[in-house]
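This report concerns only the one structure given below.
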Amino acid sequence: MASCGWGGPREQPPGAPPQRPEEQPTGPEGARGPDSVGAEHRARALLLAAAAGLQPPRFDWALTRPSQSYRSIAAHWRNREQCGQRACLILLEQQFAQRGHSTGKYPVYRHHQEERDNELVQCWKKNILYILYNDSVLEINRAAQRLRQGRHPLLPPSGVTGRRRRGGGNDPSGEGRSRLAPWPAPDGPRPGPRCRGAAARGRWGGGVASGGRALGRSRGPPRAGGGGAGAELPCERAAAGRQSRRAVGRAMGLAGLLLGLLLVPAVLVSTGLRGGAPGNEPEVELELVEWEAASDAVPGGSLWPLPQWLRTSRRQLQLVPDRFQLVHGAGSSAGPACGLLQDAFRRYYEYMFGQSRRRQPGPGPLGARAEPELLQLEVVIESPEPGCYGYPHLRSSEAYHLTVTEPVAILKADEVWGALRGLETFSQLVHEDDYGSFLVNESEIDDFPRFAHRGILLDTSRHYLPLKSILTNLDAMAFNKFNVLHWHIVDDQSFPYQSIYFPELSDKGAYSYNLIYTPADVRLVIEYARLRGIRVIPEFDTPGHTQSWGKGQKGLLTPCYSGEQPTGSFGPVNPILNTTYDFMTQFFKEISSVFPDAYIHLGGDEVDFDCWKSNPDVQQFMKKQGFGYDYAKLESYYIQKILDIVSSYNKRHMVWQEVFDNNAQLKPDTVVEVWMENNYAHELSSVTKAGYTAILAAPWYLDYISYGQDWKKYYRVEPLHFHGSEEQKKLLIGGEACMWGEFVDATNLTPRLWPRASAVGERLWSSSNVTDLQDAYKRLTKHRCRMLRRGIAAEPLFTGYCPHEARGQ
């Protein structure tokens, strides 16, 4: 300790009576106030540490478990070599000695025995370490400022208020809690700890209880024969005892001061050069930022997906949950009547503050830093038609501009859909430090999606997904800025969609009568998605993948034959019967009215022609139509009929790539989804060359799993890496991450999907030059922890832990 230039914690002289609990300085809610001796030590320690270029220590919270005493922490820090860390250890031991924790006493926290250890840990974290880390930085900046002004670096001039005395204890009026005590002159008289004179009762705010020991004050030995801890030393003898000790203390202080005077100017010059600030400007903010423990929380370190353009400052603003507001800005075309934004305000307020607000607040940290405060986020919708009551669509604007500055942040967007994306980004900027303060870095962001279609496919046929699972993943989609739920609602295995016109489809085709999606369920999913800016595109795949349809609609499927005899099995939808198209006309009329999106996915993939080939009626129809033996033409015949039916209801359509490959006559606004992984770049080139719009799913089948960090291969995909002109590449409007349900149900859907799908989300939102895997890993790890805090059971990327888990949240 001596190598640091100053001694360890002050010890009481041998035989000195212990300080009584009622005489120990207390603050609001039972927290102790800082004493001036600690302030002087902190200032000197931090001056020396800063002059030596040392960083402040980072406390290892893993060591602060209730089962361990502070001695184990002290031993941990004794192994550190830096002077600043040793200085912090001295202050740590001093604080514990003053509070009686080193001897196992708990003079303030008089709770039940089982709560005692936890209270001690909170005391360490909030009342001691916070002072050492934050208040000390303020002390050194103030001292440095006084030094530049030619004043005493550790003491302000006489008569200038310097620290707040906290009331309590012997101050029954409570006035001491708000009284500012003047700093004493370096050589002025000070009342002793046991002196009951008028100065102690008046000017000093009620004796010991008004704020602790004064600068340089030490405890004298007990009066001979006085007996007991309550014996008091007369003021005259206390003053005489102090005079001798003051000389020694003044000499030691002068030595440390001279060293500080030599080293601090160099630090100030280097800081000014590093910050580029003029010499006559105060550097408190810059120096504070340099020492911030939350440096890892710079916005660019946790945003996902990364915005198109981001400029951020290290200057932080504080958000106080009880005062911070999300409001409609002046001139916004959307006001309080916009239910979509009102719901978003409530939702994102909970995301930012909800968990912490539900925790029982403990004693506030002493010496808390005074960050400038952010009071509001104003949301301004600039379009005359904000979209509050509509549904998102392919051409919706999701662009936004976010400016975070004191005292009001501004979020501007053309439509509410962009405001939703901006609210998500703002919520990701807000972070909570170890002491419960909410902070945000001053930032400016200009953002918009790279691709308009960013989807997640959920399969609810092979395994029924409860409504809760679907809604949970809609939340996760919003966190990752996806905007399309591709709902593969029915397939061979089951028909869980409850039709209004044809209820027997689900009555006989679903796994069970209670494993269905009622009309109310479907409306809930659509509205829940709308409030998050997500489109719902249903897929009713025909003519293949329709075995469950046939159970509730007789005559819809093609009978299969063996020779001239039916086998009793059925194949795809029967394309040669007029009754088939009558049914489809009524069915898609219902679907068009239930699902508001402009698109319906009609499938068309993996049609098995064997049953058609075996059926004599189909063979005869083929000859009549002149199709020969090309059953792909029969499929195209069916698809064209279905396209005409759907188009008659003013709906557009999406199809799987086989429909295009089989040369079906598609309408110009058809969207072709490329899903076959083999040579998908060539398929994209062919589809766009033919003038059709395309979306890409082939490299993002997330139901295929492997050991290791397979998110990286999804992240490396570049959708536009195919041969074609610029006009062709404009026809690729996005992509989808697909989670097929053969081996997925509600038990593993969410962890298998997230955060692997997050990699696809950033690829479809962020700029094409965002490709750094190391940076992506750091950000995605933090984003995964954020999703966990918000209730999304996302699986880990690799080894490690989340900060909120270490805090027991």
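Please note that chains go A, B, ... in the order of the structure tokens, that every chain numbers its residues from 1, and that ligands are numbered from 1 in the order shown.
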
Stretch 560-760 of chain A: residues DSSP assigns to alpha helix (DSSP H), reported as a PyMOL selection string: chain A and resi 578-594+610-614+616-625+631-647+657-661+680-689+711-716+726-730+749-753+756-760

Test item: residues at most 12 Å from stretch 508-516 of chain A, only C-alpha atoms, excluding those fewer than 5 positions along its chain, as a PyMOL selection string: chain A and resi 460-467+489-499+502-503+521-522+546-554

Can you spit out the residues from that selection as a compact mmCIF listing (two decimals), in the first residue's frame, using N, CA, C and O atoms?
```
# COMPACT_ATOMS: atom_id res chain seq x y z
N THR A 460 -48.05 -24.67 -38.98
CA THR A 460 -48.96 -25.08 -37.90
C THR A 460 -49.75 -26.33 -38.26
O THR A 460 -50.73 -26.65 -37.59
N SER A 461 -49.33 -27.04 -39.29
CA SER A 461 -50.04 -28.26 -39.69
C SER A 461 -49.38 -29.51 -39.15
O SER A 461 -50.04 -30.37 -38.57
N ARG A 462 -48.08 -29.63 -39.33
CA ARG A 462 -47.39 -30.85 -38.91
C ARG A 462 -47.39 -30.98 -37.39
O ARG A 462 -47.43 -32.08 -36.85
N HIS A 463 -47.28 -29.84 -36.70
CA HIS A 463 -47.55 -29.78 -35.27
C HIS A 463 -48.39 -28.53 -35.03
O HIS A 463 -48.06 -27.45 -35.51
N TYR A 464 -49.45 -28.70 -34.29
CA TYR A 464 -50.28 -27.55 -33.94
C TYR A 464 -49.52 -26.64 -32.99
O TYR A 464 -48.93 -27.09 -32.00
N LEU A 465 -49.48 -25.36 -33.30
CA LEU A 465 -48.83 -24.38 -32.44
C LEU A 465 -49.89 -23.60 -31.68
O LEU A 465 -50.77 -22.98 -32.30
N PRO A 466 -49.85 -23.62 -30.35
CA PRO A 466 -50.84 -22.85 -29.59
C PRO A 466 -50.76 -21.37 -29.94
O PRO A 466 -49.73 -20.86 -30.39
N LEU A 467 -51.85 -20.70 -29.71
CA LEU A 467 -51.92 -19.28 -30.03
C LEU A 467 -50.82 -18.51 -29.33
O LEU A 467 -50.23 -17.58 -29.90
N ILE A 489 -50.60 -22.64 -42.79
CA ILE A 489 -51.59 -22.99 -41.77
C ILE A 489 -52.10 -24.42 -41.90
O ILE A 489 -52.47 -25.04 -40.90
N VAL A 490 -52.14 -24.98 -43.12
CA VAL A 490 -52.65 -26.35 -43.33
C VAL A 490 -51.69 -27.12 -44.23
O VAL A 490 -50.91 -26.54 -44.98
N ASP A 491 -51.77 -28.44 -44.15
CA ASP A 491 -50.94 -29.31 -45.00
C ASP A 491 -51.53 -30.71 -44.97
O ASP A 491 -52.66 -30.91 -44.49
N ASP A 492 -50.77 -31.69 -45.45
CA ASP A 492 -51.25 -33.07 -45.47
C ASP A 492 -51.69 -33.55 -44.09
O ASP A 492 -52.69 -34.24 -43.95
N GLN A 493 -50.89 -33.21 -43.09
CA GLN A 493 -51.07 -33.82 -41.78
C GLN A 493 -52.33 -33.37 -41.06
O GLN A 493 -52.98 -34.16 -40.40
N SER A 494 -52.67 -32.10 -41.13
CA SER A 494 -53.85 -31.61 -40.42
C SER A 494 -54.38 -30.34 -41.07
O SER A 494 -53.65 -29.65 -41.80
N PHE A 495 -55.63 -30.04 -40.78
CA PHE A 495 -56.30 -28.85 -41.30
C PHE A 495 -56.86 -28.08 -40.10
O PHE A 495 -58.05 -28.14 -39.78
N PRO A 496 -56.00 -27.32 -39.38
CA PRO A 496 -56.46 -26.66 -38.15
C PRO A 496 -57.25 -25.38 -38.38
O PRO A 496 -57.81 -24.83 -37.43
N TYR A 497 -57.30 -24.88 -39.61
CA TYR A 497 -58.06 -23.66 -39.88
C TYR A 497 -59.56 -23.98 -39.87
O TYR A 497 -60.03 -24.84 -40.64
N GLN A 498 -60.31 -23.30 -39.02
CA GLN A 498 -61.76 -23.53 -38.95
C GLN A 498 -62.45 -22.62 -39.96
O GLN A 498 -62.54 -21.41 -39.76
N SER A 499 -62.96 -23.22 -41.01
CA SER A 499 -63.63 -22.47 -42.07
C SER A 499 -65.06 -22.16 -41.68
O SER A 499 -65.76 -22.99 -41.08
N PHE A 502 -66.98 -24.00 -44.73
CA PHE A 502 -66.79 -25.47 -44.76
C PHE A 502 -66.22 -25.94 -43.42
O PHE A 502 -65.05 -26.33 -43.33
N PRO A 503 -67.02 -25.94 -42.38
CA PRO A 503 -66.51 -26.31 -41.04
C PRO A 503 -66.03 -27.74 -40.94
O PRO A 503 -65.22 -28.05 -40.05
N ASP A 521 -59.56 -16.63 -33.21
CA ASP A 521 -58.11 -16.81 -33.10
C ASP A 521 -57.39 -16.15 -34.27
O ASP A 521 -56.37 -15.48 -34.10
N VAL A 522 -57.90 -16.37 -35.46
CA VAL A 522 -57.27 -15.82 -36.65
C VAL A 522 -57.30 -14.29 -36.61
O VAL A 522 -56.31 -13.62 -36.93
N THR A 546 -52.46 -31.91 -49.71
CA THR A 546 -53.88 -31.67 -49.42
C THR A 546 -54.60 -32.89 -48.83
O THR A 546 -55.83 -32.96 -48.88
N GLN A 547 -53.86 -33.83 -48.27
CA GLN A 547 -54.51 -35.03 -47.75
C GLN A 547 -55.53 -34.71 -46.67
O GLN A 547 -56.60 -35.32 -46.60
N SER A 548 -55.25 -33.74 -45.82
CA SER A 548 -56.19 -33.40 -44.75
C SER A 548 -57.46 -32.73 -45.31
O SER A 548 -58.51 -32.77 -44.67
N TRP A 549 -57.37 -32.11 -46.50
CA TRP A 549 -58.54 -31.49 -47.09
C TRP A 549 -59.61 -32.55 -47.43
O TRP A 549 -60.80 -32.32 -47.27
N GLY A 550 -59.11 -33.67 -47.93
CA GLY A 550 -60.03 -34.69 -48.42
C GLY A 550 -60.87 -35.32 -47.34
O GLY A 550 -61.94 -35.87 -47.62
N LYS A 551 -60.43 -35.24 -46.09
CA LYS A 551 -61.20 -35.84 -45.01
C LYS A 551 -62.51 -35.11 -44.76
O LYS A 551 -63.50 -35.72 -44.37
N GLY A 552 -62.52 -33.83 -45.01
CA GLY A 552 -63.72 -33.06 -44.75
C GLY A 552 -64.45 -32.60 -46.00
O GLY A 552 -65.52 -31.99 -45.90
N GLN A 553 -63.88 -32.89 -47.17
CA GLN A 553 -64.51 -32.47 -48.43
C GLN A 553 -64.43 -33.64 -49.41
O GLN A 553 -63.44 -33.81 -50.11
N LYS A 554 -65.49 -34.45 -49.43
CA LYS A 554 -65.50 -35.63 -50.28
C LYS A 554 -65.49 -35.23 -51.76
O LYS A 554 -66.13 -34.27 -52.16
```

Selection: 6 Å around stretch 726-743 of chain A, only C-alpha atoms, excl. self and same-chain fewer than 5 positions, as a list of chain:residue names: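 Residues near the query, excluding close chain neighbours: A:Phe451, A:Ala452, A:His453, A:Arg454, A:Gly455, A:Ile456, A:Leu457, A:Leu458, A:Asp459, A:Arg462, A:His463, A:Thr688, A:Thr693, A:Ala694, A:Ile695, A:Leu696, A:Ala697, A:Trp700, A:Tyr701, A:Leu702, A:Asp703.
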
What would the file look like if the residues just selected were written as an mmCIF file, in the first residue's frame with C-alpha atoms?
```cif
data_model
loop_
_atom_site.group_PDB
_atom_site.id
_atom_site.type_symbol
_atom_site.label_atom_id
_atom_site.label_comp_id
_atom_site.auth_asym_id
_atom_site.auth_seq_id
_atom_site.Cartn_x
_atom_site.Cartn_y
_atom_site.Cartn_z
ATOM 1 C CA PHE A 451 -35.662 -5.264 -48.535
ATOM 2 C CA ALA A 452 -39.415 -4.714 -48.262
ATOM 3 C CA HIS A 453 -40.322 -8.370 -47.584
ATOM 4 C CA ARG A 454 -38.706 -9.863 -44.476
ATOM 5 C CA GLY A 455 -40.610 -12.930 -43.400
ATOM 6 C CA ILE A 456 -40.801 -15.846 -41.004
ATOM 7 C CA LEU A 457 -42.612 -19.021 -42.076
ATOM 8 C CA LEU A 458 -44.395 -20.936 -39.324
ATOM 9 C CA ASP A 459 -45.859 -24.373 -40.006
ATOM 10 C CA ARG A 462 -47.395 -30.849 -38.907
ATOM 11 C CA HIS A 463 -47.546 -29.776 -35.271
ATOM 12 C CA THR A 688 -36.258 -12.175 -62.504
ATOM 13 C CA THR A 693 -40.931 -10.630 -58.529
ATOM 14 C CA ALA A 694 -39.021 -13.059 -56.301
ATOM 15 C CA ILE A 695 -38.343 -13.752 -52.654
ATOM 16 C CA LEU A 696 -35.560 -15.997 -51.379
ATOM 17 C CA ALA A 697 -35.986 -18.800 -48.839
ATOM 18 C CA TRP A 700 -32.645 -20.055 -44.734
ATOM 19 C CA TYR A 701 -34.418 -23.303 -43.859
ATOM 20 C CA LEU A 702 -33.899 -23.091 -40.104
ATOM 21 C CA ASP A 703 -35.538 -26.456 -39.378
#
```

When you look at stretch 401-415 of chain A with a cut-off of 7 Å (counting only C-alpha atoms), what residues show up, excluding the ones that are within fewer than 5 positions of it in the same chain? I need them as a compact mmCIF listing (two decimals) with N, CA, C and O atoms, in the first residue's frame.
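Full text of selection_32.txt as output:
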```
# COMPACT_ATOMS: atom_id res chain seq x y z
N GLU A 373 -30.75 14.85 -18.09
CA GLU A 373 -31.92 13.98 -18.15
C GLU A 373 -32.64 14.10 -19.49
O GLU A 373 -32.78 15.20 -20.03
N LEU A 374 -33.06 12.96 -20.01
CA LEU A 374 -33.94 12.91 -21.18
C LEU A 374 -35.36 12.76 -20.68
O LEU A 374 -35.69 11.79 -20.00
N LEU A 375 -36.19 13.73 -21.02
CA LEU A 375 -37.54 13.78 -20.46
C LEU A 375 -38.59 13.12 -21.33
O LEU A 375 -39.55 12.56 -20.83
N GLN A 376 -38.42 13.20 -22.66
CA GLN A 376 -39.47 12.72 -23.56
C GLN A 376 -38.87 12.15 -24.83
O GLN A 376 -37.77 12.51 -25.24
N LEU A 377 -39.64 11.27 -25.44
CA LEU A 377 -39.44 10.91 -26.84
C LEU A 377 -40.70 11.32 -27.59
O LEU A 377 -41.78 10.79 -27.32
N GLU A 378 -40.54 12.28 -28.47
CA GLU A 378 -41.68 12.76 -29.26
C GLU A 378 -41.70 12.03 -30.59
O GLU A 378 -40.69 11.98 -31.30
N VAL A 379 -42.85 11.48 -30.94
CA VAL A 379 -43.04 10.74 -32.19
C VAL A 379 -43.86 11.61 -33.14
O VAL A 379 -44.97 12.03 -32.80
N VAL A 380 -43.30 11.85 -34.31
CA VAL A 380 -43.94 12.71 -35.29
C VAL A 380 -44.17 11.91 -36.57
O VAL A 380 -43.21 11.41 -37.17
N ILE A 381 -45.43 11.77 -36.96
CA ILE A 381 -45.79 11.11 -38.22
C ILE A 381 -46.06 12.22 -39.25
O ILE A 381 -46.90 13.08 -39.03
N GLU A 382 -45.33 12.19 -40.35
CA GLU A 382 -45.35 13.31 -41.29
C GLU A 382 -46.33 13.13 -42.44
O GLU A 382 -46.73 14.10 -43.07
N SER A 383 -46.73 11.90 -42.75
CA SER A 383 -47.65 11.68 -43.85
C SER A 383 -49.06 12.08 -43.45
O SER A 383 -49.48 11.85 -42.32
N PRO A 386 -51.43 8.60 -41.82
CA PRO A 386 -50.43 7.91 -40.99
C PRO A 386 -50.54 6.40 -40.99
O PRO A 386 -49.57 5.71 -40.73
N GLY A 387 -51.74 5.85 -41.28
CA GLY A 387 -51.90 4.40 -41.29
C GLY A 387 -52.31 3.81 -39.97
O GLY A 387 -52.16 2.59 -39.77
N GLY A 422 -38.65 2.61 -35.36
CA GLY A 422 -37.85 3.55 -34.60
C GLY A 422 -37.99 3.37 -33.10
O GLY A 422 -37.02 3.54 -32.34
N GLU A 442 -26.38 9.95 -26.45
CA GLU A 442 -26.85 10.87 -27.48
C GLU A 442 -26.52 10.28 -28.85
O GLU A 442 -25.41 9.85 -29.10
N SER A 443 -27.52 10.25 -29.73
CA SER A 443 -27.37 9.54 -31.01
C SER A 443 -28.21 10.21 -32.08
O SER A 443 -29.16 10.94 -31.79
N GLU A 444 -27.84 9.93 -33.30
CA GLU A 444 -28.66 10.29 -34.45
C GLU A 444 -28.65 9.11 -35.42
O GLU A 444 -27.58 8.59 -35.76
N ILE A 445 -29.84 8.69 -35.82
CA ILE A 445 -29.98 7.49 -36.65
C ILE A 445 -30.91 7.79 -37.81
O ILE A 445 -31.98 8.36 -37.62
N ASP A 446 -30.48 7.41 -39.00
CA ASP A 446 -31.32 7.48 -40.19
C ASP A 446 -31.40 6.06 -40.74
O ASP A 446 -30.37 5.47 -41.09
N ASP A 447 -32.60 5.51 -40.79
CA ASP A 447 -32.71 4.07 -41.02
C ASP A 447 -33.89 3.74 -41.91
O ASP A 447 -34.92 4.43 -41.90
```

Nearest candidate to A:Ala664 (options A:Ser437, A:Gln625, A:Ser636, A:Thr799; using only C-alpha atoms): A:Ser636

Among stretch 405-470 of chain A, which ones does DSSP place in strand (DSSP E), written as a tab-separated table (two decimals) with all heavy atoms, in the first residue's frame?
```
chain	number	residue	atom	x	y	z
A	408	VAL	N	-35.18	16.43	-25.08
A	408	VAL	CA	-36.25	15.72	-25.76
A	408	VAL	C	-35.68	15.02	-27.00
A	408	VAL	O	-34.99	15.64	-27.81
A	408	VAL	CB	-37.39	16.68	-26.18
A	408	VAL	CG1	-38.45	15.93	-26.97
A	408	VAL	CG2	-38.01	17.32	-24.95
A	409	ALA	N	-35.98	13.74	-27.13
A	409	ALA	CA	-35.61	12.99	-28.33
A	409	ALA	C	-36.76	13.07	-29.33
A	409	ALA	O	-37.93	13.15	-28.95
A	409	ALA	CB	-35.31	11.54	-27.99
A	410	ILE	N	-36.42	13.07	-30.62
A	410	ILE	CA	-37.40	13.20	-31.68
A	410	ILE	C	-37.32	11.98	-32.60
A	410	ILE	O	-36.24	11.63	-33.08
A	410	ILE	CB	-37.19	14.48	-32.52
A	410	ILE	CG1	-37.20	15.72	-31.62
A	410	ILE	CG2	-38.26	14.60	-33.59
A	410	ILE	CD1	-38.51	16.01	-30.97
A	411	LEU	N	-38.46	11.35	-32.84
A	411	LEU	CA	-38.56	10.24	-33.78
A	411	LEU	C	-39.53	10.66	-34.89
A	411	LEU	O	-40.71	10.91	-34.61
A	411	LEU	CB	-39.06	8.98	-33.08
A	411	LEU	CG	-39.43	7.78	-33.98
A	411	LEU	CD1	-38.23	7.32	-34.79
A	411	LEU	CD2	-40.00	6.63	-33.14
A	412	LYS	N	-39.03	10.75	-36.12
A	412	LYS	CA	-39.85	11.15	-37.25
A	412	LYS	C	-39.97	9.99	-38.23
A	412	LYS	O	-39.00	9.29	-38.49
A	412	LYS	CB	-39.25	12.36	-37.96
A	412	LYS	CG	-39.27	13.64	-37.14
A	412	LYS	CD	-38.75	14.82	-37.94
A	412	LYS	CE	-38.83	16.12	-37.14
A	412	LYS	NZ	-38.34	17.28	-37.92
A	413	ALA	N	-41.18	9.81	-38.75
A	413	ALA	CA	-41.43	8.76	-39.73
A	413	ALA	C	-42.56	9.20	-40.63
A	413	ALA	O	-43.43	9.98	-40.23
A	413	ALA	CB	-41.78	7.44	-39.03
A	431	HIS	N	-30.26	1.50	-21.85
A	431	HIS	CA	-29.68	0.40	-21.09
A	431	HIS	C	-29.65	0.76	-19.61
A	431	HIS	O	-29.66	1.93	-19.23
A	431	HIS	CB	-28.26	0.08	-21.58
A	431	HIS	CG	-27.33	1.26	-21.56
A	431	HIS	ND1	-27.28	2.17	-22.60
A	431	HIS	CD2	-26.44	1.68	-20.65
A	431	HIS	CE1	-26.39	3.10	-22.32
A	431	HIS	NE2	-25.87	2.84	-21.14
A	432	GLU	N	-29.64	-0.25	-18.78
A	432	GLU	CA	-29.63	-0.08	-17.33
A	432	GLU	C	-28.26	-0.43	-16.78
A	432	GLU	O	-27.70	-1.49	-17.12
A	432	GLU	CB	-30.69	-0.98	-16.70
A	432	GLU	CG	-30.84	-0.82	-15.20
A	432	GLU	CD	-31.91	-1.72	-14.61
A	432	GLU	OE1	-32.48	-2.53	-15.37
A	432	GLU	OE2	-32.16	-1.63	-13.40
A	438	PHE	N	-31.16	4.24	-15.70
A	438	PHE	CA	-31.40	4.01	-17.12
A	438	PHE	C	-30.72	5.12	-17.91
A	438	PHE	O	-30.94	6.31	-17.65
A	438	PHE	CB	-32.90	3.99	-17.41
A	438	PHE	CG	-33.60	2.82	-16.80
A	438	PHE	CD1	-34.20	2.92	-15.56
A	438	PHE	CD2	-33.64	1.59	-17.46
A	438	PHE	CE1	-34.83	1.84	-14.98
A	438	PHE	CE2	-34.27	0.51	-16.89
A	438	PHE	CZ	-34.87	0.63	-15.64
A	439	LEU	N	-29.90	4.72	-18.88
A	439	LEU	CA	-29.08	5.66	-19.63
A	439	LEU	C	-29.27	5.44	-21.12
A	439	LEU	O	-29.59	4.34	-21.56
A	439	LEU	CB	-27.60	5.50	-19.26
A	439	LEU	CG	-27.25	5.63	-17.77
A	439	LEU	CD1	-25.80	5.23	-17.54
A	439	LEU	CD2	-27.50	7.05	-17.28
A	440	VAL	N	-29.02	6.51	-21.87
A	440	VAL	CA	-29.03	6.41	-23.32
A	440	VAL	C	-27.98	7.36	-23.84
A	440	VAL	O	-27.81	8.47	-23.33
A	440	VAL	CB	-30.44	6.75	-23.89
A	440	VAL	CG1	-30.85	8.17	-23.55
A	440	VAL	CG2	-30.47	6.53	-25.40
A	441	ASN	N	-27.23	6.92	-24.82
A	441	ASN	CA	-26.22	7.78	-25.43
A	441	ASN	C	-26.87	8.73	-26.43
A	441	ASN	O	-27.79	8.35	-27.15
A	441	ASN	CB	-25.17	6.94	-26.15
A	441	ASN	CG	-24.29	6.18	-25.19
A	441	ASN	OD1	-24.76	5.30	-24.48
A	441	ASN	ND2	-23.02	6.50	-25.16
A	442	GLU	N	-26.38	9.95	-26.45
A	442	GLU	CA	-26.85	10.87	-27.48
A	442	GLU	C	-26.52	10.28	-28.85
A	442	GLU	O	-25.41	9.85	-29.10
A	442	GLU	CB	-26.19	12.24	-27.32
A	442	GLU	CG	-26.73	13.03	-26.15
A	442	GLU	CD	-26.29	14.48	-26.19
A	442	GLU	OE1	-25.29	14.78	-26.87
A	442	GLU	OE2	-26.96	15.33	-25.56
A	443	SER	N	-27.52	10.25	-29.73
A	443	SER	CA	-27.37	9.54	-31.01
A	443	SER	C	-28.21	10.21	-32.08
A	443	SER	O	-29.16	10.94	-31.79
A	443	SER	CB	-27.81	8.07	-30.87
A	443	SER	OG	-27.16	7.44	-29.80
A	444	GLU	N	-27.84	9.93	-33.30
A	444	GLU	CA	-28.66	10.29	-34.45
A	444	GLU	C	-28.65	9.11	-35.42
A	444	GLU	O	-27.58	8.59	-35.76
A	444	GLU	CB	-28.13	11.55	-35.14
A	444	GLU	CG	-29.02	12.00	-36.30
A	444	GLU	CD	-28.54	13.28	-36.95
A	444	GLU	OE1	-27.46	13.77	-36.58
A	444	GLU	OE2	-29.24	13.77	-37.87
A	445	ILE	N	-29.84	8.69	-35.82
A	445	ILE	CA	-29.98	7.49	-36.65
A	445	ILE	C	-30.91	7.79	-37.81
A	445	ILE	O	-31.98	8.36	-37.62
A	445	ILE	CB	-30.53	6.30	-35.82
A	445	ILE	CG1	-29.52	5.90	-34.74
A	445	ILE	CG2	-30.87	5.12	-36.71
A	445	ILE	CD1	-30.04	4.83	-33.80
A	446	ASP	N	-30.48	7.41	-39.00
A	446	ASP	CA	-31.32	7.48	-40.19
A	446	ASP	C	-31.40	6.06	-40.74
A	446	ASP	O	-30.37	5.47	-41.09
A	446	ASP	CB	-30.73	8.43	-41.23
A	446	ASP	CG	-31.72	8.75	-42.32
A	446	ASP	OD1	-32.87	9.08	-42.00
A	446	ASP	OD2	-31.35	8.68	-43.51
A	447	ASP	N	-32.60	5.51	-40.79
A	447	ASP	CA	-32.71	4.07	-41.02
A	447	ASP	C	-33.89	3.74	-41.91
A	447	ASP	O	-34.92	4.43	-41.90
A	447	ASP	CB	-32.85	3.36	-39.67
A	447	ASP	CG	-32.49	1.88	-39.74
A	447	ASP	OD1	-31.89	1.47	-40.76
A	447	ASP	OD2	-32.80	1.15	-38.79
A	453	HIS	N	-39.69	-7.14	-48.06
A	453	HIS	CA	-40.32	-8.37	-47.58
A	453	HIS	C	-39.31	-9.12	-46.72
A	453	HIS	O	-38.31	-9.64	-47.21
A	453	HIS	CB	-40.76	-9.24	-48.78
A	453	HIS	CG	-41.49	-10.48	-48.38
A	453	HIS	ND1	-42.84	-10.67	-48.65
A	453	HIS	CD2	-41.09	-11.63	-47.75
A	453	HIS	CE1	-43.22	-11.86	-48.21
A	453	HIS	NE2	-42.17	-12.45	-47.66
A	454	ARG	N	-39.60	-9.19	-45.43
A	454	ARG	CA	-38.71	-9.86	-44.48
A	454	ARG	C	-39.58	-10.77	-43.61
A	454	ARG	O	-40.25	-10.32	-42.67
A	454	ARG	CB	-37.96	-8.84	-43.61
A	454	ARG	CG	-37.24	-7.78	-44.44
A	454	ARG	CD	-36.55	-6.72	-43.57
A	454	ARG	NE	-37.45	-6.11	-42.61
A	454	ARG	CZ	-38.33	-5.17	-42.90
A	454	ARG	NH1	-38.46	-4.73	-44.15
A	454	ARG	NH2	-39.11	-4.65	-41.96
A	455	GLY	N	-39.59	-12.04	-43.95
A	455	GLY	CA	-40.61	-12.93	-43.40
A	455	GLY	C	-40.09	-14.09	-42.56
A	455	GLY	O	-38.93	-14.49	-42.66
A	456	ILE	N	-41.00	-14.61	-41.76
A	456	ILE	CA	-40.80	-15.85	-41.00
A	456	ILE	C	-41.94	-16.79	-41.38
A	456	ILE	O	-43.12	-16.41	-41.30
A	456	ILE	CB	-40.82	-15.60	-39.49
A	456	ILE	CG1	-39.65	-14.73	-39.06
A	456	ILE	CG2	-40.81	-16.92	-38.73
A	456	ILE	CD1	-38.30	-15.40	-39.14
A	457	LEU	N	-41.61	-18.01	-41.78
A	457	LEU	CA	-42.61	-19.02	-42.08
A	457	LEU	C	-42.80	-19.91	-40.86
A	457	LEU	O	-41.84	-20.48	-40.34
A	457	LEU	CB	-42.21	-19.85	-43.29
A	457	LEU	CG	-43.20	-20.94	-43.73
A	457	LEU	CD1	-43.15	-21.15	-45.24
A	457	LEU	CD2	-42.97	-22.29	-43.03
A	458	LEU	N	-44.04	-20.01	-40.40
A	458	LEU	CA	-44.39	-20.94	-39.32
A	458	LEU	C	-45.36	-21.98	-39.86
A	458	LEU	O	-46.33	-21.65	-40.53
A	458	LEU	CB	-45.05	-20.19	-38.15
A	458	LEU	CG	-44.17	-19.21	-37.37
A	458	LEU	CD1	-44.94	-18.62	-36.20
A	458	LEU	CD2	-42.89	-19.89	-36.87
A	459	ASP	N	-45.08	-23.23	-39.55
A	459	ASP	CA	-45.86	-24.37	-40.01
A	459	ASP	C	-46.73	-24.85	-38.85
A	459	ASP	O	-46.23	-25.36	-37.85
A	459	ASP	CB	-44.90	-25.47	-40.48
A	459	ASP	CG	-45.61	-26.74	-40.91
A	459	ASP	OD1	-46.86	-26.77	-40.93
A	459	ASP	OD2	-44.91	-27.72	-41.22
```
